[in-house]
$ cat my_file.txt   # compact mmCIF, N, CA and C atoms
# COMPACT_ATOMS: atom_id res chain seq x y z
N MET A 1 0.81 -1.20 0.00
CA MET A 1 0.00 0.00 0.00
C MET A 1 0.85 1.25 0.00
N ASN A 2 2.01 1.16 0.54
CA ASN A 2 2.87 2.32 0.59
C ASN A 2 3.23 2.82 -0.81
N SER A 3 3.50 1.91 -1.71
CA SER A 3 3.89 2.32 -3.05
C SER A 3 2.71 2.94 -3.80
N SER A 4 1.49 2.44 -3.62
CA SER A 4 0.34 3.03 -4.30
C SER A 4 0.01 4.40 -3.71
N LEU A 5 0.22 4.58 -2.43
CA LEU A 5 0.01 5.89 -1.81
C LEU A 5 1.03 6.90 -2.32
N LEU A 6 2.26 6.46 -2.51
CA LEU A 6 3.31 7.32 -3.04
C LEU A 6 3.01 7.72 -4.48
N LYS A 7 2.57 6.74 -5.30
CA LYS A 7 2.21 7.04 -6.69
C LYS A 7 1.04 8.02 -6.76
N SER A 8 0.06 7.84 -5.94
CA SER A 8 -1.10 8.74 -5.92
C SER A 8 -0.68 10.15 -5.51
N SER A 9 0.19 10.23 -4.52
CA SER A 9 0.65 11.55 -4.06
C SER A 9 1.44 12.25 -5.15
N VAL A 10 2.30 11.53 -5.84
CA VAL A 10 3.09 12.12 -6.93
C VAL A 10 2.18 12.57 -8.07
N ALA A 11 1.20 11.74 -8.42
CA ALA A 11 0.27 12.08 -9.51
C ALA A 11 -0.53 13.33 -9.15
N VAL A 12 -1.04 13.39 -7.93
CA VAL A 12 -1.81 14.56 -7.50
C VAL A 12 -0.92 15.80 -7.49
N GLY A 13 0.31 15.66 -7.05
CA GLY A 13 1.23 16.80 -7.03
C GLY A 13 1.54 17.31 -8.43
N LEU A 14 1.76 16.39 -9.38
CA LEU A 14 2.02 16.79 -10.77
C LEU A 14 0.82 17.48 -11.39
N ILE A 15 -0.36 16.93 -11.14
CA ILE A 15 -1.58 17.55 -11.69
C ILE A 15 -1.77 18.94 -11.10
N ALA A 16 -1.54 19.11 -9.81
CA ALA A 16 -1.69 20.42 -9.18
C ALA A 16 -0.68 21.41 -9.76
N ALA A 17 0.55 20.96 -10.01
CA ALA A 17 1.57 21.84 -10.58
C ALA A 17 1.20 22.26 -11.99
N MET A 18 0.70 21.32 -12.79
CA MET A 18 0.31 21.64 -14.17
C MET A 18 -0.88 22.60 -14.20
N LEU A 19 -1.86 22.35 -13.34
CA LEU A 19 -3.01 23.27 -13.29
C LEU A 19 -2.59 24.66 -12.84
N GLY A 20 -1.68 24.72 -11.91
CA GLY A 20 -1.19 26.03 -11.46
C GLY A 20 -0.46 26.76 -12.57
N GLY A 21 0.31 26.03 -13.35
CA GLY A 21 1.03 26.66 -14.46
C GLY A 21 0.10 27.14 -15.55
N VAL A 22 -0.91 26.32 -15.89
CA VAL A 22 -1.88 26.71 -16.92
C VAL A 22 -2.69 27.90 -16.44
N THR A 23 -3.13 27.88 -15.21
CA THR A 23 -3.91 29.00 -14.68
C THR A 23 -3.08 30.27 -14.65
N GLY A 24 -1.83 30.16 -14.27
CA GLY A 24 -0.96 31.33 -14.25
C GLY A 24 -0.74 31.92 -15.62
N CYS A 25 -0.63 31.07 -16.64
CA CYS A 25 -0.43 31.56 -18.01
C CYS A 25 -1.68 32.23 -18.55
N MET A 26 -2.84 31.75 -18.14
CA MET A 26 -4.09 32.28 -18.68
C MET A 26 -4.52 33.56 -17.98
N THR A 27 -4.04 33.81 -16.81
CA THR A 27 -4.53 34.96 -16.06
C THR A 27 -3.49 36.06 -15.90
N THR A 28 -2.54 36.15 -16.81
CA THR A 28 -1.56 37.22 -16.71
C THR A 28 -2.24 38.55 -17.02
N PRO A 29 -1.91 39.60 -16.31
CA PRO A 29 -2.62 40.87 -16.44
C PRO A 29 -2.30 41.59 -17.74
N GLY A 30 -3.33 42.11 -18.38
CA GLY A 30 -3.18 43.03 -19.50
C GLY A 30 -2.44 42.50 -20.70
N GLY A 31 -2.54 41.24 -21.01
CA GLY A 31 -1.87 40.72 -22.18
C GLY A 31 -0.36 40.84 -22.08
N TYR A 32 0.19 40.53 -20.97
CA TYR A 32 1.63 40.65 -20.73
C TYR A 32 2.40 39.80 -21.72
N ASN A 33 3.42 40.38 -22.30
CA ASN A 33 4.26 39.68 -23.26
C ASN A 33 5.67 39.65 -22.69
N ALA A 34 6.19 38.46 -22.45
CA ALA A 34 7.52 38.33 -21.86
C ALA A 34 8.59 38.92 -22.76
N TYR A 35 8.39 38.84 -24.07
CA TYR A 35 9.40 39.36 -25.00
C TYR A 35 9.29 40.87 -25.17
N GLY A 36 8.17 41.46 -24.78
CA GLY A 36 8.01 42.91 -24.91
C GLY A 36 9.03 43.67 -24.09
N ASP A 37 9.34 43.18 -22.91
CA ASP A 37 10.33 43.84 -22.08
C ASP A 37 11.71 43.79 -22.71
N ILE A 38 12.01 42.70 -23.39
CA ILE A 38 13.33 42.54 -24.00
C ILE A 38 13.48 43.46 -25.20
N TYR A 39 12.47 43.49 -26.08
CA TYR A 39 12.60 44.19 -27.35
C TYR A 39 12.10 45.63 -27.32
N GLU A 40 11.41 46.03 -26.29
CA GLU A 40 10.85 47.38 -26.24
C GLU A 40 11.94 48.45 -26.30
N ASP A 41 12.98 48.29 -25.53
CA ASP A 41 14.05 49.28 -25.52
C ASP A 41 14.79 49.32 -26.84
N ILE A 42 14.95 48.18 -27.48
CA ILE A 42 15.62 48.14 -28.78
C ILE A 42 14.80 48.89 -29.81
N TYR A 43 13.47 48.69 -29.81
CA TYR A 43 12.60 49.36 -30.76
C TYR A 43 12.59 50.86 -30.55
N LYS A 44 12.54 51.32 -29.31
CA LYS A 44 12.47 52.75 -29.03
C LYS A 44 13.76 53.47 -29.39
N ASP A 45 14.86 52.74 -29.49
CA ASP A 45 16.12 53.35 -29.90
C ASP A 45 16.33 53.32 -31.41
N SER A 46 15.42 52.71 -32.16
CA SER A 46 15.62 52.59 -33.60
C SER A 46 15.33 53.92 -34.30
N LYS A 47 15.89 54.06 -35.50
CA LYS A 47 15.71 55.28 -36.29
C LYS A 47 14.26 55.46 -36.73
N ILE A 48 13.58 54.37 -37.03
CA ILE A 48 12.20 54.45 -37.49
C ILE A 48 11.31 55.00 -36.39
N TYR A 49 11.48 54.53 -35.16
CA TYR A 49 10.67 55.02 -34.05
C TYR A 49 10.93 56.50 -33.82
N LYS A 50 12.19 56.91 -33.82
CA LYS A 50 12.51 58.31 -33.58
C LYS A 50 11.96 59.20 -34.69
N LYS A 51 11.97 58.69 -35.93
CA LYS A 51 11.48 59.47 -37.06
C LYS A 51 9.97 59.71 -36.96
N HIS A 52 9.23 58.69 -36.52
CA HIS A 52 7.76 58.77 -36.48
C HIS A 52 7.21 59.01 -35.08
N LYS A 53 8.05 59.30 -34.12
CA LYS A 53 7.61 59.47 -32.73
C LYS A 53 6.58 60.60 -32.60
N LYS A 54 6.82 61.71 -33.26
CA LYS A 54 5.90 62.85 -33.17
C LYS A 54 4.54 62.47 -33.76
N THR A 55 4.52 61.78 -34.88
CA THR A 55 3.28 61.37 -35.51
C THR A 55 2.50 60.41 -34.62
N ILE A 56 3.18 59.47 -34.00
CA ILE A 56 2.53 58.50 -33.13
C ILE A 56 1.87 59.21 -31.95
N ASN A 57 2.58 60.13 -31.33
CA ASN A 57 2.03 60.85 -30.18
C ASN A 57 0.88 61.76 -30.58
N THR A 58 0.95 62.40 -31.75
CA THR A 58 -0.10 63.28 -32.22
C THR A 58 -1.38 62.51 -32.50
N ILE A 59 -1.27 61.34 -33.08
CA ILE A 59 -2.45 60.53 -33.36
C ILE A 59 -3.16 60.16 -32.07
N ASP A 60 -2.43 59.77 -31.06
CA ASP A 60 -3.04 59.39 -29.79
C ASP A 60 -3.75 60.57 -29.14
N LYS A 61 -3.18 61.76 -29.22
CA LYS A 61 -3.75 62.91 -28.53
C LYS A 61 -4.95 63.50 -29.25
N ASP A 62 -4.98 63.44 -30.57
CA ASP A 62 -6.02 64.10 -31.35
C ASP A 62 -7.12 63.16 -31.82
N ILE A 63 -7.29 62.03 -31.17
CA ILE A 63 -8.24 61.04 -31.67
C ILE A 63 -9.69 61.52 -31.56
N TYR A 64 -10.04 62.33 -30.55
CA TYR A 64 -11.42 62.77 -30.37
C TYR A 64 -11.68 64.16 -30.95
N ARG A 65 -10.68 64.81 -31.45
CA ARG A 65 -10.82 66.19 -31.93
C ARG A 65 -11.87 66.35 -33.03
N PRO A 66 -11.91 65.52 -34.06
CA PRO A 66 -12.94 65.70 -35.09
C PRO A 66 -14.36 65.57 -34.55
N ALA A 67 -14.59 64.68 -33.61
CA ALA A 67 -15.92 64.53 -33.04
C ALA A 67 -16.31 65.76 -32.22
N ILE A 68 -15.35 66.31 -31.50
CA ILE A 68 -15.61 67.52 -30.71
C ILE A 68 -15.94 68.69 -31.63
N GLU A 69 -15.16 68.85 -32.69
CA GLU A 69 -15.40 69.95 -33.62
C GLU A 69 -16.73 69.79 -34.35
N GLN A 70 -17.10 68.57 -34.71
CA GLN A 70 -18.38 68.34 -35.38
C GLN A 70 -19.55 68.64 -34.47
N THR A 71 -19.45 68.28 -33.21
CA THR A 71 -20.52 68.57 -32.25
C THR A 71 -20.68 70.08 -32.07
N ALA A 72 -19.56 70.79 -32.01
CA ALA A 72 -19.61 72.25 -31.88
C ALA A 72 -20.24 72.88 -33.13
N ALA A 73 -19.88 72.39 -34.30
CA ALA A 73 -20.45 72.92 -35.55
C ALA A 73 -21.95 72.67 -35.60
N ASN A 74 -22.38 71.51 -35.18
CA ASN A 74 -23.82 71.21 -35.15
C ASN A 74 -24.55 72.13 -34.18
N ARG A 75 -23.97 72.39 -33.03
CA ARG A 75 -24.60 73.26 -32.04
C ARG A 75 -24.77 74.68 -32.59
N VAL A 76 -23.73 75.20 -33.24
CA VAL A 76 -23.80 76.57 -33.78
C VAL A 76 -24.75 76.65 -34.98
N SER A 77 -24.73 75.63 -35.83
CA SER A 77 -25.64 75.67 -36.99
C SER A 77 -27.09 75.54 -36.56
N ASN A 78 -27.35 74.84 -35.45
CA ASN A 78 -28.72 74.76 -34.93
C ASN A 78 -29.19 76.10 -34.36
N MET A 79 -28.26 77.00 -34.06
CA MET A 79 -28.61 78.34 -33.58
C MET A 79 -28.90 79.29 -34.75
N GLY A 80 -28.75 78.82 -36.00
CA GLY A 80 -29.08 79.64 -37.16
C GLY A 80 -27.87 80.25 -37.85
N TYR A 81 -26.69 79.84 -37.56
CA TYR A 81 -25.47 80.35 -38.18
C TYR A 81 -24.96 79.37 -39.23
N GLN A 82 -24.22 79.91 -40.21
CA GLN A 82 -23.51 79.06 -41.16
C GLN A 82 -22.06 78.97 -40.70
N VAL A 83 -21.62 77.79 -40.38
CA VAL A 83 -20.28 77.60 -39.82
C VAL A 83 -19.24 77.65 -40.93
N ARG A 84 -18.19 78.47 -40.72
CA ARG A 84 -17.07 78.55 -41.66
C ARG A 84 -15.88 77.76 -41.17
N ASP A 85 -15.57 77.84 -39.87
CA ASP A 85 -14.37 77.20 -39.35
C ASP A 85 -14.56 76.89 -37.87
N VAL A 86 -13.99 75.76 -37.44
CA VAL A 86 -14.04 75.36 -36.04
C VAL A 86 -12.62 75.03 -35.60
N ARG A 87 -12.21 75.59 -34.46
CA ARG A 87 -10.87 75.34 -33.91
C ARG A 87 -10.99 74.84 -32.48
N TYR A 88 -10.33 73.72 -32.23
CA TYR A 88 -10.26 73.18 -30.87
C TYR A 88 -8.87 72.61 -30.68
N LYS A 89 -8.25 72.98 -29.56
CA LYS A 89 -6.94 72.46 -29.23
C LYS A 89 -7.06 71.63 -27.96
N LYS A 90 -6.48 70.43 -27.97
CA LYS A 90 -6.58 69.52 -26.82
C LYS A 90 -6.10 70.22 -25.55
N GLY A 91 -6.87 70.09 -24.51
CA GLY A 91 -6.54 70.69 -23.23
C GLY A 91 -7.15 72.07 -23.04
N ASP A 92 -7.65 72.65 -24.13
CA ASP A 92 -8.29 73.97 -24.06
C ASP A 92 -9.72 73.79 -23.56
N ARG A 93 -10.22 74.76 -22.84
CA ARG A 93 -11.59 74.69 -22.34
C ARG A 93 -12.58 75.40 -23.27
N THR A 94 -12.08 76.00 -24.36
CA THR A 94 -12.98 76.69 -25.28
C THR A 94 -12.81 76.16 -26.70
N ILE A 95 -13.91 76.19 -27.42
CA ILE A 95 -13.92 75.85 -28.84
C ILE A 95 -14.26 77.13 -29.58
N ARG A 96 -13.44 77.50 -30.53
CA ARG A 96 -13.64 78.74 -31.27
C ARG A 96 -14.28 78.41 -32.63
N VAL A 97 -15.39 79.08 -32.91
CA VAL A 97 -16.13 78.83 -34.14
C VAL A 97 -16.28 80.15 -34.88
N LYS A 98 -15.94 80.16 -36.18
CA LYS A 98 -16.21 81.31 -37.04
C LYS A 98 -17.44 80.96 -37.85
N ALA A 99 -18.41 81.91 -37.85
CA ALA A 99 -19.68 81.62 -38.51
C ALA A 99 -20.25 82.88 -39.16
N ASN A 100 -21.21 82.69 -40.05
CA ASN A 100 -21.92 83.79 -40.72
C ASN A 100 -23.39 83.71 -40.36
N ARG A 101 -24.01 84.89 -40.32
CA ARG A 101 -25.46 84.98 -40.18
C ARG A 101 -25.87 86.24 -40.91
N GLY A 102 -26.66 86.08 -41.94
CA GLY A 102 -26.99 87.22 -42.79
C GLY A 102 -25.74 87.65 -43.53
N ASN A 103 -25.41 88.94 -43.43
CA ASN A 103 -24.19 89.45 -44.07
C ASN A 103 -23.08 89.70 -43.07
N GLN A 104 -23.21 89.25 -41.86
CA GLN A 104 -22.21 89.54 -40.83
C GLN A 104 -21.45 88.27 -40.43
N ASN A 105 -20.19 88.48 -40.08
CA ASN A 105 -19.34 87.40 -39.59
C ASN A 105 -19.29 87.45 -38.07
N TYR A 106 -19.25 86.28 -37.45
CA TYR A 106 -19.22 86.19 -36.00
C TYR A 106 -18.12 85.22 -35.56
N LYS A 107 -17.60 85.50 -34.37
CA LYS A 107 -16.72 84.56 -33.67
C LYS A 107 -17.47 84.11 -32.43
N ILE A 108 -17.67 82.82 -32.32
CA ILE A 108 -18.44 82.27 -31.22
C ILE A 108 -17.53 81.35 -30.40
N ASP A 109 -17.48 81.57 -29.10
CA ASP A 109 -16.70 80.71 -28.21
C ASP A 109 -17.66 79.81 -27.44
N LEU A 110 -17.38 78.51 -27.49
CA LEU A 110 -18.19 77.53 -26.76
C LEU A 110 -17.34 76.91 -25.66
N ASP A 111 -17.99 76.58 -24.56
CA ASP A 111 -17.32 75.91 -23.46
C ASP A 111 -17.23 74.42 -23.79
N TYR A 112 -16.10 73.82 -23.42
CA TYR A 112 -15.97 72.37 -23.58
C TYR A 112 -15.88 71.74 -22.21
N PRO A 113 -16.60 70.75 -21.88
CA PRO A 113 -17.37 69.79 -22.66
C PRO A 113 -18.87 70.05 -22.72
N SER A 114 -19.35 71.16 -22.16
CA SER A 114 -20.80 71.38 -22.12
C SER A 114 -21.34 71.99 -23.42
N TYR A 115 -20.48 72.57 -24.23
CA TYR A 115 -20.85 73.23 -25.50
C TYR A 115 -21.80 74.40 -25.29
N ASN A 116 -21.78 75.02 -24.11
CA ASN A 116 -22.57 76.23 -23.87
C ASN A 116 -21.85 77.43 -24.47
N VAL A 117 -22.63 78.41 -24.93
CA VAL A 117 -22.04 79.61 -25.52
C VAL A 117 -21.46 80.48 -24.44
N ILE A 118 -20.20 80.83 -24.63
CA ILE A 118 -19.52 81.74 -23.69
C ILE A 118 -19.61 83.17 -24.21
N ARG A 119 -19.33 83.32 -25.51
CA ARG A 119 -19.28 84.68 -26.06
C ARG A 119 -19.59 84.63 -27.55
N ILE A 120 -20.33 85.65 -28.02
CA ILE A 120 -20.57 85.86 -29.45
C ILE A 120 -20.08 87.25 -29.78
N LYS A 121 -19.18 87.34 -30.75
CA LYS A 121 -18.55 88.62 -31.09
C LYS A 121 -18.64 88.86 -32.58
N ASN A 122 -19.00 90.10 -32.96
CA ASN A 122 -18.98 90.46 -34.38
C ASN A 122 -17.54 90.50 -34.87
N ASP A 123 -17.32 89.97 -36.05
CA ASP A 123 -15.97 89.93 -36.59
C ASP A 123 -15.78 91.03 -37.61
$ encode --input "my_file.txt" --output "structure tokens"
Amino acid sequence: MNSSLLKSSVAVGLIAAMLGGVTGCMTTPGGYNAYGDIYEDIYKDSKIYKKHKKTINTIDKDIYRPAIEQTAANRVSNMGYQVRDVRYKKGDRTIRVKANRGNQNYKIDLDYPSYNVIRIKND
């Protein structure tokens, strides 16, 4: 009986170790890649990364800008103006809109993110 108890204990231990390994591999946080740590520094030092670094950062920062400008244009056109130009810079609390109504030009400042009118000025 001693030998069968030993075999059972070894089998249970191996199964527990394998299940622990599989569970650990499946539950790594955030799609962790073991090779990412090794190659990340090499990639960031390459000429291609340095050449396109500004473009990569700009794309990430300006991803919502067109939607913000379109919402502002819709808000101003619903007030009866014809929108000529919309300017929004990330981090700014105001959206600047140039618009026409009749024969007059206007500069309209909207608050972001509420899109409430702050100021309407004849241009």
$ atom_distance --input "my_file.txt" --atom1 "atom CA of A:Ser4" --atom2 "atom CA of A:Met18"
21.1 Å
$ residues_around --input "my_file.txt" --residues "stretch 98-108 of chain A" --least-positions-apart "3" --cutoff "6.5 Å" --atoms "only N, CA and C atoms" --output "JSON, numbers by chain"
{"A": [80, 81, 82, 83, 84, 85, 86, 87, 95, 118, 119, 120, 121, 122, 123]}
$ atom_distance --input "my_file.txt" --atom1 "atom N of A:Tyr88" --atom2 "atom CA of A:Glu69"
6.5 Å
